[in-house]
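> Following this message is one structure expressed as structure tokens.
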Amino acid sequence: MSETSQSAAPQTLSIRRPDDWHVHLRDGEMLQAVVNHTARQFARAIVMPNLRPPITSVIQAREYRSRILEALQPDRKERFTPLMTAYLTETIAPAELEQGFGEGVFTAAKLYPAGATTNSDAGVRDLRHISAVLETMERIGMPLLIHGEVTDPAVDIFDREAVFIEEHLRPLLQRHPQLKVVFEHITTAEAAAFVAEGPSNLAATITPHHLHINRNSLFQGGLRPDFYCLPVAKRERHRLALRAAATSGNPKFFLGTDSAPHPRGAKESACGCAGIYNAPYAIESYAQVFDEEGALDRLEGFASEFGPRFYGLPLNEQRITLQRKETEVPGLMELSNGTQTPTVLVPFHAGEVLHWQLAA
Ligand code: DOR
Ligand code: ZN
């Protein structure tokens with residue numbers, strides 16, 4: 001990392017262009033509305049496959065990748081590379097994954113426990129039903145990305161990640177000791193400790209929102225559907241543990257926004273959808289956390305180096321500059337999507353002022 005200011009509080013920060021190792025770009029109108037926010041900041045992004053229907057074949061992934069590329073603004077077409085993932089079902093063939101990974105179409109595969117979150121009903125009920133798939137992934141070095149929550153309704157929703165570690169993740173790593181695993185969007189001190197103490201083939205992504213909000217935020221001044229996501233935000237001590245992990249310089253923790261747009265009406269409803277739309281100001285949001293933690297010199301590792309190293313991909317050569325500059329986040333975004341009616345989204349940090357800005 002290079003600082004262009006020598007003062008105690010740097011005014012600008014130049015880092016390699018970051019990548020987003022976990023994002024929901026959706027499809028159709030929503031894809032048109034959101035993809036350029038991600039491409040403004042990131043060189044690459046691991047694109048989640050939880051569409052309807054889910055992305056379970058090489059051909060579907062190829063076609064989806066083309067739609068993403070088509071939706072990019074001209075100046076971002078050359079610069080942004082979507083990295084595709086396969087959605088693991090109990091019937092997906094190991095050969096499909098091996099073919100897709102071999103052809104460079106699938107970068108990784110995503111495990112949703114059935115019923116854990118948005119469009120996860122086609123997910124996996126019992127990990128032992130996909131052991132042949134996991135053996136193949138382990139052999140070919142294809143990363144497994146895990147939504148780590150148990151789905152048993154009897155388990156308190158705030159405990160579902162910690163219970164998943166003991167009931168499923170620890171045994172999984174014992175059964176498949178060479179499997180590359182990314183524990184996605186961790187939300188607990190237990191998860192951060194488990195990853196830090198685990199083998200080098202285990203890593204985790206951390207979202208901006210879990211670094212900023214705790215579970216009180218969901219009820220601050222009333223019910224706040226825009227702060228509802230899965231895994232749900234936890235107690236303050238967990239947020240602090242995540243901040244410590246993200247800013248520690250430990251290469252097992254890297255950037256993954258889990259930006260998950262839902263139209264405003266689907267969030268602010270009697271049964272609101274889970275997901276926070278943080279893509280518009282993601283790098284500014286992370287920069288603010290690293291600044292608050294006195295760790296700006298560690299942002300580049302977290303945002304731009306540890307992810308590609310874990311995935312075995314080259315580091316980006318391009319750089320970005322962040323400036324210490326007030327950025328007003330709009331309360332609402334009306335985004336064009338190729339139709340007459342814009343897509344209305346509430347961005348994370350709506351109505352707040354962030355203290356960093358990505359230079360154009
Ligand atoms: O909050 C979430 N939203 N968590 C997920 O795991 C899925 C995501 C979505 O797709 O909306
Ligand atoms: Zn996600």
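Here, A, B, ... name the chains of the structure tokens in the order displayed, residue numbers run from 1 inside each chain, and ligands are numbered from 1 in the same displayed order.
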Give as a PDB file with N, CA, C and O atoms, in the first residue's frame the residues surrounding ligand 2 up to a distance of 12 Å, considering only C-alpha atoms and all ligand atoms.


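Contents of pocket04.pdb, as written:
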```pdb
ATOM      1  N   ASP A  20     -14.759  -8.138  -5.327  1.00  0.00           N
ATOM      2  CA  ASP A  20     -15.827  -8.489  -4.393  1.00  0.00           C
ATOM      3  C   ASP A  20     -16.027 -10.001  -4.471  1.00  0.00           C
ATOM      4  O   ASP A  20     -16.500 -10.518  -5.480  1.00  0.00           O
ATOM      5  N   TRP A  21     -15.691 -10.690  -3.376  1.00  0.00           N
ATOM      6  CA  TRP A  21     -15.722 -12.160  -3.407  1.00  0.00           C
ATOM      7  C   TRP A  21     -17.079 -12.733  -3.037  1.00  0.00           C
ATOM      8  O   TRP A  21     -17.189 -13.921  -2.753  1.00  0.00           O
ATOM      9  N   HIS A  22     -18.127 -11.905  -3.060  1.00  0.00           N
ATOM     10  CA  HIS A  22     -19.497 -12.425  -2.811  1.00  0.00           C
ATOM     11  C   HIS A  22     -20.513 -11.335  -3.128  1.00  0.00           C
ATOM     12  O   HIS A  22     -20.662 -10.382  -2.372  1.00  0.00           O
ATOM     13  N   VAL A  23     -21.218 -11.488  -4.241  1.00  0.00           N
ATOM     14  CA  VAL A  23     -22.232 -10.476  -4.572  1.00  0.00           C
ATOM     15  C   VAL A  23     -23.420 -11.121  -5.271  1.00  0.00           C
ATOM     16  O   VAL A  23     -23.275 -12.121  -5.987  1.00  0.00           O
ATOM     17  N   HIS A  24     -24.597 -10.534  -5.078  1.00  0.00           N
ATOM     18  CA  HIS A  24     -25.813 -10.948  -5.785  1.00  0.00           C
ATOM     19  C   HIS A  24     -26.103  -9.890  -6.849  1.00  0.00           C
ATOM     20  O   HIS A  24     -26.455  -8.760  -6.508  1.00  0.00           O
ATOM     21  N   LEU A  25     -25.946 -10.275  -8.106  1.00  0.00           N
ATOM     22  CA  LEU A  25     -26.212  -9.322  -9.197  1.00  0.00           C
ATOM     23  C   LEU A  25     -27.598  -9.499  -9.776  1.00  0.00           C
ATOM     24  O   LEU A  25     -28.048  -8.663 -10.576  1.00  0.00           O
ATOM     25  N   ARG A  26     -28.286 -10.611  -9.399  1.00  0.00           N
ATOM     26  CA  ARG A  26     -29.649 -10.884  -9.903  1.00  0.00           C
ATOM     27  C   ARG A  26     -29.652 -10.995 -11.428  1.00  0.00           C
ATOM     28  O   ARG A  26     -28.625 -11.229 -12.050  1.00  0.00           O
ATOM     29  N   ILE A  46     -17.316 -12.445  -7.404  1.00  0.00           N
ATOM     30  CA  ILE A  46     -17.891 -13.794  -7.354  1.00  0.00           C
ATOM     31  C   ILE A  46     -19.404 -13.615  -7.309  1.00  0.00           C
ATOM     32  O   ILE A  46     -19.944 -13.033  -6.355  1.00  0.00           O
ATOM     33  N   VAL A  47     -20.063 -14.092  -8.360  1.00  0.00           N
ATOM     34  CA  VAL A  47     -21.495 -13.842  -8.541  1.00  0.00           C
ATOM     35  C   VAL A  47     -22.299 -15.026  -8.011  1.00  0.00           C
ATOM     36  O   VAL A  47     -22.100 -16.166  -8.440  1.00  0.00           O
ATOM     37  N   MET A  48     -23.195 -14.728  -7.094  1.00  0.00           N
ATOM     38  CA  MET A  48     -24.003 -15.778  -6.473  1.00  0.00           C
ATOM     39  C   MET A  48     -25.031 -16.341  -7.451  1.00  0.00           C
ATOM     40  O   MET A  48     -25.584 -15.604  -8.287  1.00  0.00           O
ATOM     41  N   PRO A  49     -25.302 -17.651  -7.324  1.00  0.00           N
ATOM     42  CA  PRO A  49     -26.149 -18.349  -8.308  1.00  0.00           C
ATOM     43  C   PRO A  49     -27.590 -18.561  -7.860  1.00  0.00           C
ATOM     44  O   PRO A  49     -28.299 -19.352  -8.466  1.00  0.00           O
ATOM     45  N   ASN A  50     -28.032 -17.830  -6.809  1.00  0.00           N
ATOM     46  CA  ASN A  50     -29.377 -18.129  -6.265  1.00  0.00           C
ATOM     47  C   ASN A  50     -30.462 -17.379  -7.032  1.00  0.00           C
ATOM     48  O   ASN A  50     -31.222 -16.602  -6.486  1.00  0.00           O
ATOM     49  N   LEU A  51     -30.501 -17.648  -8.340  1.00  0.00           N
ATOM     50  CA  LEU A  51     -31.568 -17.095  -9.177  1.00  0.00           C
ATOM     51  C   LEU A  51     -32.734 -18.075  -9.179  1.00  0.00           C
ATOM     52  O   LEU A  51     -32.662 -19.158  -8.605  1.00  0.00           O
ATOM     53  N   THR A  85     -20.478 -18.907 -10.231  1.00  0.00           N
ATOM     54  CA  THR A  85     -20.549 -20.000  -9.255  1.00  0.00           C
ATOM     55  C   THR A  85     -21.684 -20.942  -9.625  1.00  0.00           C
ATOM     56  O   THR A  85     -22.668 -20.540 -10.239  1.00  0.00           O
ATOM     57  N   TYR A  87     -24.632 -23.509  -8.224  1.00  0.00           N
ATOM     58  CA  TYR A  87     -25.519 -23.679  -7.064  1.00  0.00           C
ATOM     59  C   TYR A  87     -25.599 -25.178  -6.787  1.00  0.00           C
ATOM     60  O   TYR A  87     -26.038 -25.949  -7.647  1.00  0.00           O
ATOM     61  N   LYS A 110     -21.467 -22.884  -4.676  1.00  0.00           N
ATOM     62  CA  LYS A 110     -22.076 -22.314  -3.471  1.00  0.00           C
ATOM     63  C   LYS A 110     -22.995 -23.333  -2.813  1.00  0.00           C
ATOM     64  O   LYS A 110     -23.851 -23.927  -3.454  1.00  0.00           O
ATOM     65  N   LEU A 111     -22.812 -23.471  -1.524  1.00  0.00           N
ATOM     66  CA  LEU A 111     -23.664 -24.362  -0.741  1.00  0.00           C
ATOM     67  C   LEU A 111     -24.673 -23.552   0.057  1.00  0.00           C
ATOM     68  O   LEU A 111     -24.289 -22.776   0.952  1.00  0.00           O
ATOM     69  N   TYR A 112     -25.938 -23.695  -0.295  1.00  0.00           N
ATOM     70  CA  TYR A 112     -27.016 -23.155   0.526  1.00  0.00           C
ATOM     71  C   TYR A 112     -27.686 -24.308   1.251  1.00  0.00           C
ATOM     72  O   TYR A 112     -28.261 -25.190   0.591  1.00  0.00           O
ATOM     73  N   ALA A 116     -32.290 -21.957   4.038  1.00  0.00           N
ATOM     74  CA  ALA A 116     -31.542 -21.006   4.876  1.00  0.00           C
ATOM     75  C   ALA A 116     -31.813 -19.552   4.500  1.00  0.00           C
ATOM     76  O   ALA A 116     -31.764 -18.675   5.349  1.00  0.00           O
ATOM     77  N   THR A 117     -32.093 -19.283   3.198  1.00  0.00           N
ATOM     78  CA  THR A 117     -32.183 -17.881   2.784  1.00  0.00           C
ATOM     79  C   THR A 117     -32.903 -17.763   1.439  1.00  0.00           C
ATOM     80  O   THR A 117     -33.495 -18.726   0.970  1.00  0.00           O
ATOM     81  N   THR A 118     -32.816 -16.578   0.822  1.00  0.00           N
ATOM     82  CA  THR A 118     -33.479 -16.292  -0.457  1.00  0.00           C
ATOM     83  C   THR A 118     -33.162 -17.353  -1.522  1.00  0.00           C
ATOM     84  O   THR A 118     -31.992 -17.630  -1.786  1.00  0.00           O
ATOM     85  N   ASN A 119     -34.178 -17.916  -2.133  1.00  0.00           N
ATOM     86  CA  ASN A 119     -34.021 -18.916  -3.205  1.00  0.00           C
ATOM     87  C   ASN A 119     -33.067 -20.053  -2.826  1.00  0.00           C
ATOM     88  O   ASN A 119     -32.193 -20.427  -3.605  1.00  0.00           O
ATOM     89  N   SER A 120     -33.244 -20.573  -1.650  1.00  0.00           N
ATOM     90  CA  SER A 120     -32.380 -21.680  -1.227  1.00  0.00           C
ATOM     91  C   SER A 120     -33.148 -22.998  -1.153  1.00  0.00           C
ATOM     92  O   SER A 120     -32.595 -24.007  -0.720  1.00  0.00           O
ATOM     93  N   LEU A 145     -18.109 -22.482  -1.313  1.00  0.00           N
ATOM     94  CA  LEU A 145     -18.529 -21.263  -0.612  1.00  0.00           C
ATOM     95  C   LEU A 145     -19.782 -21.607   0.189  1.00  0.00           C
ATOM     96  O   LEU A 145     -20.770 -22.074  -0.369  1.00  0.00           O
ATOM     97  N   ILE A 146     -19.726 -21.355   1.485  1.00  0.00           N
ATOM     98  CA  ILE A 146     -20.793 -21.875   2.350  1.00  0.00           C
ATOM     99  C   ILE A 146     -21.602 -20.761   3.008  1.00  0.00           C
ATOM    100  O   ILE A 146     -21.041 -19.862   3.650  1.00  0.00           O
ATOM    101  N   HIS A 147     -22.920 -20.860   2.845  1.00  0.00           N
ATOM    102  CA  HIS A 147     -23.828 -20.085   3.707  1.00  0.00           C
ATOM    103  C   HIS A 147     -23.956 -20.913   4.984  1.00  0.00           C
ATOM    104  O   HIS A 147     -24.664 -21.912   5.014  1.00  0.00           O
ATOM    105  N   GLY A 148     -23.278 -20.482   6.031  1.00  0.00           N
ATOM    106  CA  GLY A 148     -23.154 -21.322   7.219  1.00  0.00           C
ATOM    107  C   GLY A 148     -24.184 -21.043   8.296  1.00  0.00           C
ATOM    108  O   GLY A 148     -23.869 -20.420   9.313  1.00  0.00           O
ATOM    109  N   PHE A 183     -16.060 -19.635   4.273  1.00  0.00           N
ATOM    110  CA  PHE A 183     -17.189 -19.468   5.190  1.00  0.00           C
ATOM    111  C   PHE A 183     -17.680 -18.044   4.898  1.00  0.00           C
ATOM    112  O   PHE A 183     -17.016 -17.066   5.217  1.00  0.00           O
ATOM    113  N   GLU A 184     -18.840 -17.947   4.215  1.00  0.00           N
ATOM    114  CA  GLU A 184     -19.265 -16.648   3.688  1.00  0.00           C
ATOM    115  C   GLU A 184     -19.922 -15.771   4.758  1.00  0.00           C
ATOM    116  O   GLU A 184     -20.549 -16.269   5.688  1.00  0.00           O
ATOM    117  N   HIS A 185     -19.782 -14.488   4.560  1.00  0.00           N
ATOM    118  CA  HIS A 185     -20.432 -13.450   5.391  1.00  0.00           C
ATOM    119  C   HIS A 185     -20.542 -13.838   6.860  1.00  0.00           C
ATOM    120  O   HIS A 185     -21.635 -13.923   7.414  1.00  0.00           O
ATOM    121  N   ILE A 186     -19.394 -14.038   7.490  1.00  0.00           N
ATOM    122  CA  ILE A 186     -19.431 -14.445   8.904  1.00  0.00           C
ATOM    123  C   ILE A 186     -19.953 -13.302   9.768  1.00  0.00           C
ATOM    124  O   ILE A 186     -19.732 -12.116   9.472  1.00  0.00           O
ATOM    125  N   THR A 205     -15.338 -14.539   4.222  1.00  0.00           N
ATOM    126  CA  THR A 205     -15.605 -13.175   3.766  1.00  0.00           C
ATOM    127  C   THR A 205     -16.356 -12.428   4.861  1.00  0.00           C
ATOM    128  O   THR A 205     -17.056 -13.033   5.683  1.00  0.00           O
ATOM    129  N   ILE A 206     -16.201 -11.103   4.844  1.00  0.00           N
ATOM    130  CA  ILE A 206     -16.877 -10.244   5.827  1.00  0.00           C
ATOM    131  C   ILE A 206     -17.533  -9.089   5.061  1.00  0.00           C
ATOM    132  O   ILE A 206     -16.901  -8.443   4.220  1.00  0.00           O
ATOM    133  N   THR A 207     -18.798  -8.838   5.356  1.00  0.00           N
ATOM    134  CA  THR A 207     -19.556  -7.791   4.645  1.00  0.00           C
ATOM    135  C   THR A 207     -19.320  -6.431   5.303  1.00  0.00           C
ATOM    136  O   THR A 207     -18.952  -6.358   6.486  1.00  0.00           O
ATOM    137  N   CYS A 229     -30.884  -8.844   7.027  1.00  0.00           N
ATOM    138  CA  CYS A 229     -30.194  -9.711   6.078  1.00  0.00           C
ATOM    139  C   CYS A 229     -29.966 -11.036   6.773  1.00  0.00           C
ATOM    140  O   CYS A 229     -30.204 -11.185   7.968  1.00  0.00           O
ATOM    141  N   LEU A 230     -29.484 -12.001   6.010  1.00  0.00           N
ATOM    142  CA  LEU A 230     -29.139 -13.302   6.584  1.00  0.00           C
ATOM    143  C   LEU A 230     -27.708 -13.646   6.212  1.00  0.00           C
ATOM    144  O   LEU A 230     -27.340 -13.468   5.052  1.00  0.00           O
ATOM    145  N   PRO A 231     -26.897 -14.100   7.146  1.00  0.00           N
ATOM    146  CA  PRO A 231     -27.206 -14.227   8.560  1.00  0.00           C
ATOM    147  C   PRO A 231     -27.486 -12.852   9.166  1.00  0.00           C
ATOM    148  O   PRO A 231     -26.833 -11.862   8.813  1.00  0.00           O
ATOM    149  N   VAL A 232     -28.431 -12.824  10.085  1.00  0.00           N
ATOM    150  CA  VAL A 232     -28.851 -11.570  10.703  1.00  0.00           C
ATOM    151  C   VAL A 232     -27.701 -11.001  11.547  1.00  0.00           C
ATOM    152  O   VAL A 232     -26.849 -11.755  12.044  1.00  0.00           O
ATOM    153  N   GLY A 256     -16.083  -9.436   0.937  1.00  0.00           N
ATOM    154  CA  GLY A 256     -17.222  -9.993   0.202  1.00  0.00           C
ATOM    155  C   GLY A 256     -18.441  -9.220   0.668  1.00  0.00           C
ATOM    156  O   GLY A 256     -18.836  -9.309   1.825  1.00  0.00           O
ATOM    157  N   THR A 257     -19.014  -8.421  -0.239  1.00  0.00           N
ATOM    158  CA  THR A 257     -20.045  -7.480   0.238  1.00  0.00           C
ATOM    159  C   THR A 257     -21.355  -8.156   0.605  1.00  0.00           C
ATOM    160  O   THR A 257     -22.096  -7.677   1.439  1.00  0.00           O
ATOM    161  N   ASP A 258     -21.669  -9.280  -0.071  1.00  0.00           N
ATOM    162  CA  ASP A 258     -23.016  -9.865   0.022  1.00  0.00           C
ATOM    163  C   ASP A 258     -24.083  -8.815  -0.296  1.00  0.00           C
ATOM    164  O   ASP A 258     -25.187  -8.851   0.259  1.00  0.00           O
ATOM    165  N   SER A 259     -23.755  -7.885  -1.190  1.00  0.00           N
ATOM    166  CA  SER A 259     -24.779  -6.936  -1.626  1.00  0.00           C
ATOM    167  C   SER A 259     -25.932  -7.737  -2.228  1.00  0.00           C
ATOM    168  O   SER A 259     -25.729  -8.558  -3.121  1.00  0.00           O
ATOM    169  N   ALA A 260     -27.141  -7.511  -1.720  1.00  0.00           N
ATOM    170  CA  ALA A 260     -28.288  -8.367  -2.078  1.00  0.00           C
ATOM    171  C   ALA A 260     -29.522  -7.497  -2.262  1.00  0.00           C
ATOM    172  O   ALA A 260     -30.324  -7.324  -1.348  1.00  0.00           O
ATOM    173  N   PRO A 261     -29.663  -6.930  -3.482  1.00  0.00           N
ATOM    174  CA  PRO A 261     -30.758  -5.983  -3.697  1.00  0.00           C
ATOM    175  C   PRO A 261     -32.119  -6.655  -3.762  1.00  0.00           C
ATOM    176  O   PRO A 261     -32.282  -7.704  -4.382  1.00  0.00           O
ATOM    177  N   ALA A 274     -34.800 -10.694   2.991  1.00  0.00           N
ATOM    178  CA  ALA A 274     -33.482 -10.514   3.603  1.00  0.00           C
ATOM    179  C   ALA A 274     -32.495 -10.048   2.554  1.00  0.00           C
ATOM    180  O   ALA A 274     -32.439 -10.621   1.464  1.00  0.00           O
ATOM    181  N   GLY A 275     -31.723  -9.036   2.879  1.00  0.00           N
ATOM    182  CA  GLY A 275     -30.686  -8.609   1.956  1.00  0.00           C
ATOM    183  C   GLY A 275     -30.466  -7.117   2.067  1.00  0.00           C
ATOM    184  O   GLY A 275     -31.419  -6.356   2.185  1.00  0.00           O
ATOM    185  N   ILE A 276     -29.203  -6.713   2.033  1.00  0.00           N
ATOM    186  CA  ILE A 276     -28.833  -5.300   2.145  1.00  0.00           C
ATOM    187  C   ILE A 276     -28.129  -4.896   0.862  1.00  0.00           C
ATOM    188  O   ILE A 276     -27.202  -5.579   0.411  1.00  0.00           O
ATOM    189  N   TYR A 277     -28.585  -3.798   0.280  1.00  0.00           N
ATOM    190  CA  TYR A 277     -27.977  -3.341  -0.977  1.00  0.00           C
ATOM    191  C   TYR A 277     -26.829  -2.374  -0.664  1.00  0.00           C
ATOM    192  O   TYR A 277     -27.029  -1.172  -0.508  1.00  0.00           O
ATOM    193  N   ASN A 278     -25.635  -2.931  -0.571  1.00  0.00           N
ATOM    194  CA  ASN A 278     -24.500  -2.082  -0.186  1.00  0.00           C
ATOM    195  C   ASN A 278     -23.565  -1.783  -1.347  1.00  0.00           C
ATOM    196  O   ASN A 278     -22.554  -1.084  -1.173  1.00  0.00           O
TER     197      ASN A 278
END
```

> Using backbone DSSP assignments, extract all helix (DSSP H, G or I) residues from range 240-299 of chain A; output them as a ChimeraX atom specification.

/A:240-246,264-267,279-292,296-299

> Grab the CA of Leu179 in chain A to CA of Met137 in chain A distance for me, in Å with one decimal place.

6.8 Å

> List the spatial neighbours of Pro143 in chain A as a PyMOL selection string - criterion: any atom at most 9 Å away, only C-alpha atoms, same-chain residues fewer than 5 positions off excluded.

chain A and resi 107-110+137-138+179-182+311

> What does the structure give for the distance between CA of Glu300 in chain A and CA of Ala45 in chain A, in Å to one decimal?

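So the two atoms, CA of Glu300 in chain A and CA of Ala45 in chain A, lie 16.1 Å apart.
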
> Taking the chain letters and numbering used in this document, name the residues of range 170-304 of chain A that DSSP puts in strand (DSSP E or B), as a list in words.

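Assigned to strand (DSSP E or B), within range 170-304 of chain A: Val181, Val182, Phe183, Leu202, Ala203, Ala204, Thr205, Ile206, Phe253, Phe254, Leu255, Ser259, Ile276 and Tyr277 of chain A.
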
> Quick one: of A:Arg160, A:His176, A:Arg79, A:His168, who's nearest to Lys234 in chain A, counting only C-alpha atoms?

A:Arg160

> So which one's closest to ligand 1, A:Ala244, A:Leu345, A:Ala303, A:Cys273? Using only C-alpha atoms and all ligand atoms, please.

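Closest candidate: A:Cys273.
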
> Could you tell me how far CA of Ala191 in chain A lies from CA of Gly272 in chain A, in Å and to one decimal?

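Calculated distance between CA of Ala191 in chain A and CA of Gly272 in chain A is 26.5 Å.
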
> May I ask which of the residues A:Ile140, A:Glu328, A:Arg298, A:Leu169 is the closest one to Gly100 in chain A, counting only C-alpha atoms?

A:Ile140

> Please identify all polymer residues within 9 Å of Ala43 in chain A, counting only C-alpha atoms, omitting same-chain residues fewer than 2 positions from it, and present them as JSON, numbers by chain.

{"A": [17, 18, 19, 20, 38, 39, 40, 41, 45, 79, 80, 81, 82, 316, 318]}

> Of the residues A:Asp226, A:Pro113, A:Asn214, A:Val344, which is the one nearest to His238 in chain A, using only C-alpha atoms?

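Smallest distance to His238 in chain A is found for A:Asn214.
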
> Find, counting only C-alpha atoms, the residue in A:Leu72, A:Ala61, A:Ala204, A:Ala162 that gets nearest to Phe106 in chain A.

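Of the candidates, the smallest distance to Phe106 in chain A is held by A:Ala61.
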
> Please identify all polymer residues within 7 Å of range 56-58 of chain A, counting only C-alpha atoms, omitting same-chain residues fewer than 4 positions from it, and present them as number ranges by chain.

A: 62, 86-88, 92, 96, 100, 105

> Compile the contact shell of Cys271 in chain A as a PyMOL selection string: residues with an atom at most 10 Å away, counting only C-alpha atoms, same-chain residues fewer than 4 positions apart removed.

chain A and resi 225+266-267

> When you look at Thr343 in chain A with a cut-off of 12 Å (counting only C-alpha atoms), what residues show up, excluding the ones that are within fewer than 3 positions of it in the same chain? I need them as a short mmCIF file (atom, residue, chain, number, x, y, z; two decimals) with N, CA and C atoms, in the first residue's frame.


```
data_model
loop_
_atom_site.label_atom_id
_atom_site.label_comp_id
_atom_site.auth_asym_id
_atom_site.auth_seq_id
_atom_site.Cartn_x
_atom_site.Cartn_y
_atom_site.Cartn_z
N GLY A 28 -32.18 -9.87 -15.27
CA GLY A 28 -33.23 -9.03 -15.84
C GLY A 28 -33.08 -7.57 -15.44
N GLU A 29 -34.21 -6.94 -15.11
CA GLU A 29 -34.20 -5.51 -14.80
C GLU A 29 -33.31 -5.18 -13.61
N MET A 30 -33.35 -6.04 -12.59
CA MET A 30 -32.52 -5.75 -11.41
C MET A 30 -31.04 -5.78 -11.77
N LEU A 31 -30.64 -6.75 -12.57
CA LEU A 31 -29.24 -6.81 -13.03
C LEU A 31 -28.85 -5.50 -13.72
N GLN A 32 -29.72 -5.03 -14.62
CA GLN A 32 -29.43 -3.77 -15.34
C GLN A 32 -29.26 -2.63 -14.35
N ALA A 33 -30.09 -2.64 -13.30
CA ALA A 33 -30.08 -1.53 -12.34
C ALA A 33 -28.84 -1.53 -11.46
N VAL A 34 -28.31 -2.72 -11.12
CA VAL A 34 -27.29 -2.75 -10.06
C VAL A 34 -25.86 -3.02 -10.53
N PRO A 261 -29.66 -6.93 -3.48
CA PRO A 261 -30.76 -5.98 -3.70
C PRO A 261 -32.12 -6.65 -3.76
N HIS A 262 -33.08 -6.04 -3.11
CA HIS A 262 -34.50 -6.37 -3.26
C HIS A 262 -35.20 -5.04 -3.48
N PRO A 263 -36.20 -4.98 -4.38
CA PRO A 263 -36.91 -3.72 -4.58
C PRO A 263 -37.48 -3.22 -3.25
N ARG A 264 -37.55 -1.92 -3.14
CA ARG A 264 -37.98 -1.31 -1.88
C ARG A 264 -39.28 -1.95 -1.35
N GLY A 265 -40.21 -2.18 -2.27
CA GLY A 265 -41.50 -2.74 -1.87
C GLY A 265 -41.39 -4.15 -1.28
N ALA A 266 -40.37 -4.89 -1.71
CA ALA A 266 -40.19 -6.25 -1.18
C ALA A 266 -39.50 -6.24 0.17
N LEU A 332 -32.59 7.09 -1.13
CA LEU A 332 -33.31 6.22 -2.05
C LEU A 332 -32.61 6.32 -3.40
N MET A 333 -32.55 5.23 -4.15
CA MET A 333 -31.97 5.31 -5.49
C MET A 333 -33.01 4.83 -6.50
N GLU A 334 -33.23 5.64 -7.52
CA GLU A 334 -34.14 5.26 -8.60
C GLU A 334 -33.27 4.94 -9.79
N LEU A 335 -33.14 3.68 -10.10
CA LEU A 335 -32.13 3.24 -11.06
C LEU A 335 -32.77 2.79 -12.37
N SER A 336 -32.16 3.22 -13.47
CA SER A 336 -32.73 2.82 -14.76
C SER A 336 -32.36 1.36 -15.03
N ASN A 337 -33.28 0.70 -15.69
CA ASN A 337 -33.17 -0.76 -15.84
C ASN A 337 -33.61 -1.21 -17.23
N GLY A 338 -33.66 -0.26 -18.16
CA GLY A 338 -34.09 -0.62 -19.51
C GLY A 338 -35.59 -0.56 -19.72
N THR A 339 -36.37 -0.24 -18.68
CA THR A 339 -37.82 -0.08 -18.85
C THR A 339 -38.20 1.36 -18.51
N GLN A 340 -39.49 1.67 -18.62
CA GLN A 340 -39.99 3.02 -18.31
C GLN A 340 -39.97 3.29 -16.80
N VAL A 346 -33.15 1.06 -1.61
CA VAL A 346 -32.60 1.82 -0.51
C VAL A 346 -31.18 1.31 -0.29
#
```
